[in-house]
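What follows is a short report on a single structure.
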Amino acid sequence: MHDAYPKYEYARITDITLQDLRMMGAKAVAVDLDNTTVLDSTMHAPGGVKEWLRDVRAAGFPVIIISNTYTIRAWWLSKKFGKLPWISMADKPHTSAFFKAAKMLNVDVSEIAMIGDRLFTDVMGANKAGAISVKVEPFEPEKLFAEKFRKERKKEREYLEKRRKERNAENHSFIRNASRKK
Ligand SMILES: [Mg+2]
């Protein structure tokens, strides 16, 4: 299985500073939709997200949506967020969307910080493509398919715990992990 261990972890997308993005070596930002920029299965962006996206773009980082959601929803949210370029039905963790995004934004895929809440789609896809994987905590428990997601979240937690233990055993430092978990 490909590595689903995030390079960086934050509680919320809005916790990531411009300085953090520069420190990661990012030149562009890709964002997931559900539970990263909008509440799950809604069109609602929690406070600060829209402004964060605006500030990041104003600072010179192109931003693109990479989402597994259907096209019309991605299109609508891209408009809401100030006409962001977008890739819908991205089929993460498959990597083609990441390479397509790099082409669209005219950066190397290794310069894209992919920000998302899911280990086995956002993080794994970013790692496979050679992008910078940044994991955020989901906003809230998913309303739809609650049981399915509960199981998947459990799998994610177990995976992270296992990997953290392995890394401790290898005496790896966590310097590169800019965790701002609250
Ligand atoms: Mg998500």
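Naming scheme: A, B, ... for chains in displayed order of the structure tokens; residues 1 onward per chain; ligands 1 onward as shown.
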- Message: Just want the residues within 7 Å of ligand 1, written as number ranges by chain, counting only C-alpha atoms and all ligand atoms.
- Response: A: 32-36, 116-118
List the neighbours of Ala26 of chain A out to 6 Å using only C-alpha atoms; skip same-chain residues closer than 2 positions along the sequence, and give me the result as a ChimeraX atom specification.
/A:21-22,24,28,111-113
Could the residues in this selection be saved with N, CA and C atoms as a PDB file, in the first residue's frame?
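Listing of part-v7.pdb after writing:
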ATOM      1  N   LEU A  21       3.292  27.698   4.372  1.00  0.00           N
ATOM      2  CA  LEU A  21       3.282  27.243   2.979  1.00  0.00           C
ATOM      3  C   LEU A  21       4.655  27.428   2.348  1.00  0.00           C
ATOM      4  N   ARG A  22       5.276  28.558   2.634  1.00  0.00           N
ATOM      5  CA  ARG A  22       6.620  28.808   2.079  1.00  0.00           C
ATOM      6  C   ARG A  22       7.619  27.814   2.657  1.00  0.00           C
ATOM      7  N   MET A  24       7.091  24.852   3.653  1.00  0.00           N
ATOM      8  CA  MET A  24       6.867  23.522   3.060  1.00  0.00           C
ATOM      9  C   MET A  24       7.464  23.410   1.658  1.00  0.00           C
ATOM     10  N   ALA A  28       2.048  26.359  -4.936  1.00  0.00           N
ATOM     11  CA  ALA A  28       0.631  26.352  -5.274  1.00  0.00           C
ATOM     12  C   ALA A  28      -0.092  25.494  -4.230  1.00  0.00           C
ATOM     13  N   GLU A 111       5.594  20.922  -5.940  1.00  0.00           N
ATOM     14  CA  GLU A 111       5.421  22.258  -5.359  1.00  0.00           C
ATOM     15  C   GLU A 111       3.968  22.531  -4.973  1.00  0.00           C
ATOM     16  N   ILE A 112       3.124  21.501  -5.103  1.00  0.00           N
ATOM     17  CA  ILE A 112       1.712  21.653  -4.739  1.00  0.00           C
ATOM     18  C   ILE A 112       1.478  21.118  -3.331  1.00  0.00           C
ATOM     19  N   ALA A 113       0.949  21.981  -2.457  1.00  0.00           N
ATOM     20  CA  ALA A 113       0.508  21.513  -1.141  1.00  0.00           C
ATOM     21  C   ALA A 113      -0.942  21.076  -1.279  1.00  0.00           C
TER      22      ALA A 113
END
Next on the checklist: Please extract the residues of segment 3-147 of chain A with a backbone DSSP assignment of alpha helix (DSSP H) and present them as a ChimeraX atom specification.
Outcome noted: /A:18-24,49-58,71-80,96-105,124-129,146-147
message: What's around Lys27 of chain A at 12 Å? Count only C-alpha atoms, leave out sequence neighbours fewer than 3 positions away in its own chain, and write the answer as an MDAnalysis selection string.
response: chainID A and resid 18:24 30 56:57 59:64 102 105:114 131:132
How would the residues just picked look written out with C-alpha atoms as a compact mmCIF listing (two decimals), in the first residue's frame?
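Now in out_24.txt:
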# COMPACT_ATOMS: atom_id res chain seq x y z
CA LEU A 18 1.53 31.83 4.45
CA GLN A 19 4.87 31.32 6.16
CA ASP A 20 4.03 27.64 6.69
CA LEU A 21 3.28 27.24 2.98
CA ARG A 22 6.62 28.81 2.08
CA MET A 23 8.43 26.63 4.63
CA MET A 24 6.87 23.52 3.06
CA ALA A 30 -4.75 22.30 -3.95
CA VAL A 56 -3.44 32.77 -0.01
CA ARG A 57 -4.16 33.71 -3.62
CA ALA A 59 0.01 36.26 -1.58
CA GLY A 60 0.80 34.68 -4.94
CA PHE A 61 -0.13 31.03 -4.41
CA PRO A 62 -2.46 29.79 -7.14
CA VAL A 63 -5.23 27.66 -5.62
CA ILE A 64 -7.08 24.79 -7.28
CA ALA A 102 0.42 20.99 -11.89
CA LEU A 105 -1.03 25.98 -12.53
CA ASN A 106 2.32 25.79 -14.28
CA VAL A 107 4.20 24.39 -11.29
CA ASP A 108 5.93 21.12 -10.56
CA VAL A 109 3.71 18.59 -8.80
CA SER A 110 6.24 18.58 -5.92
CA GLU A 111 5.42 22.26 -5.36
CA ILE A 112 1.71 21.65 -4.74
CA ALA A 113 0.51 21.51 -1.14
CA MET A 114 -2.55 19.24 -1.20
CA ALA A 131 3.00 16.50 -3.90
CA ILE A 132 3.15 17.90 -0.35
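The residue that comes closest to Phe81 of chain A, out of A:Tyr159, A:Trp52, A:Phe120, A:Phe139 and on the basis of only C-alpha atoms, is A:Trp52.
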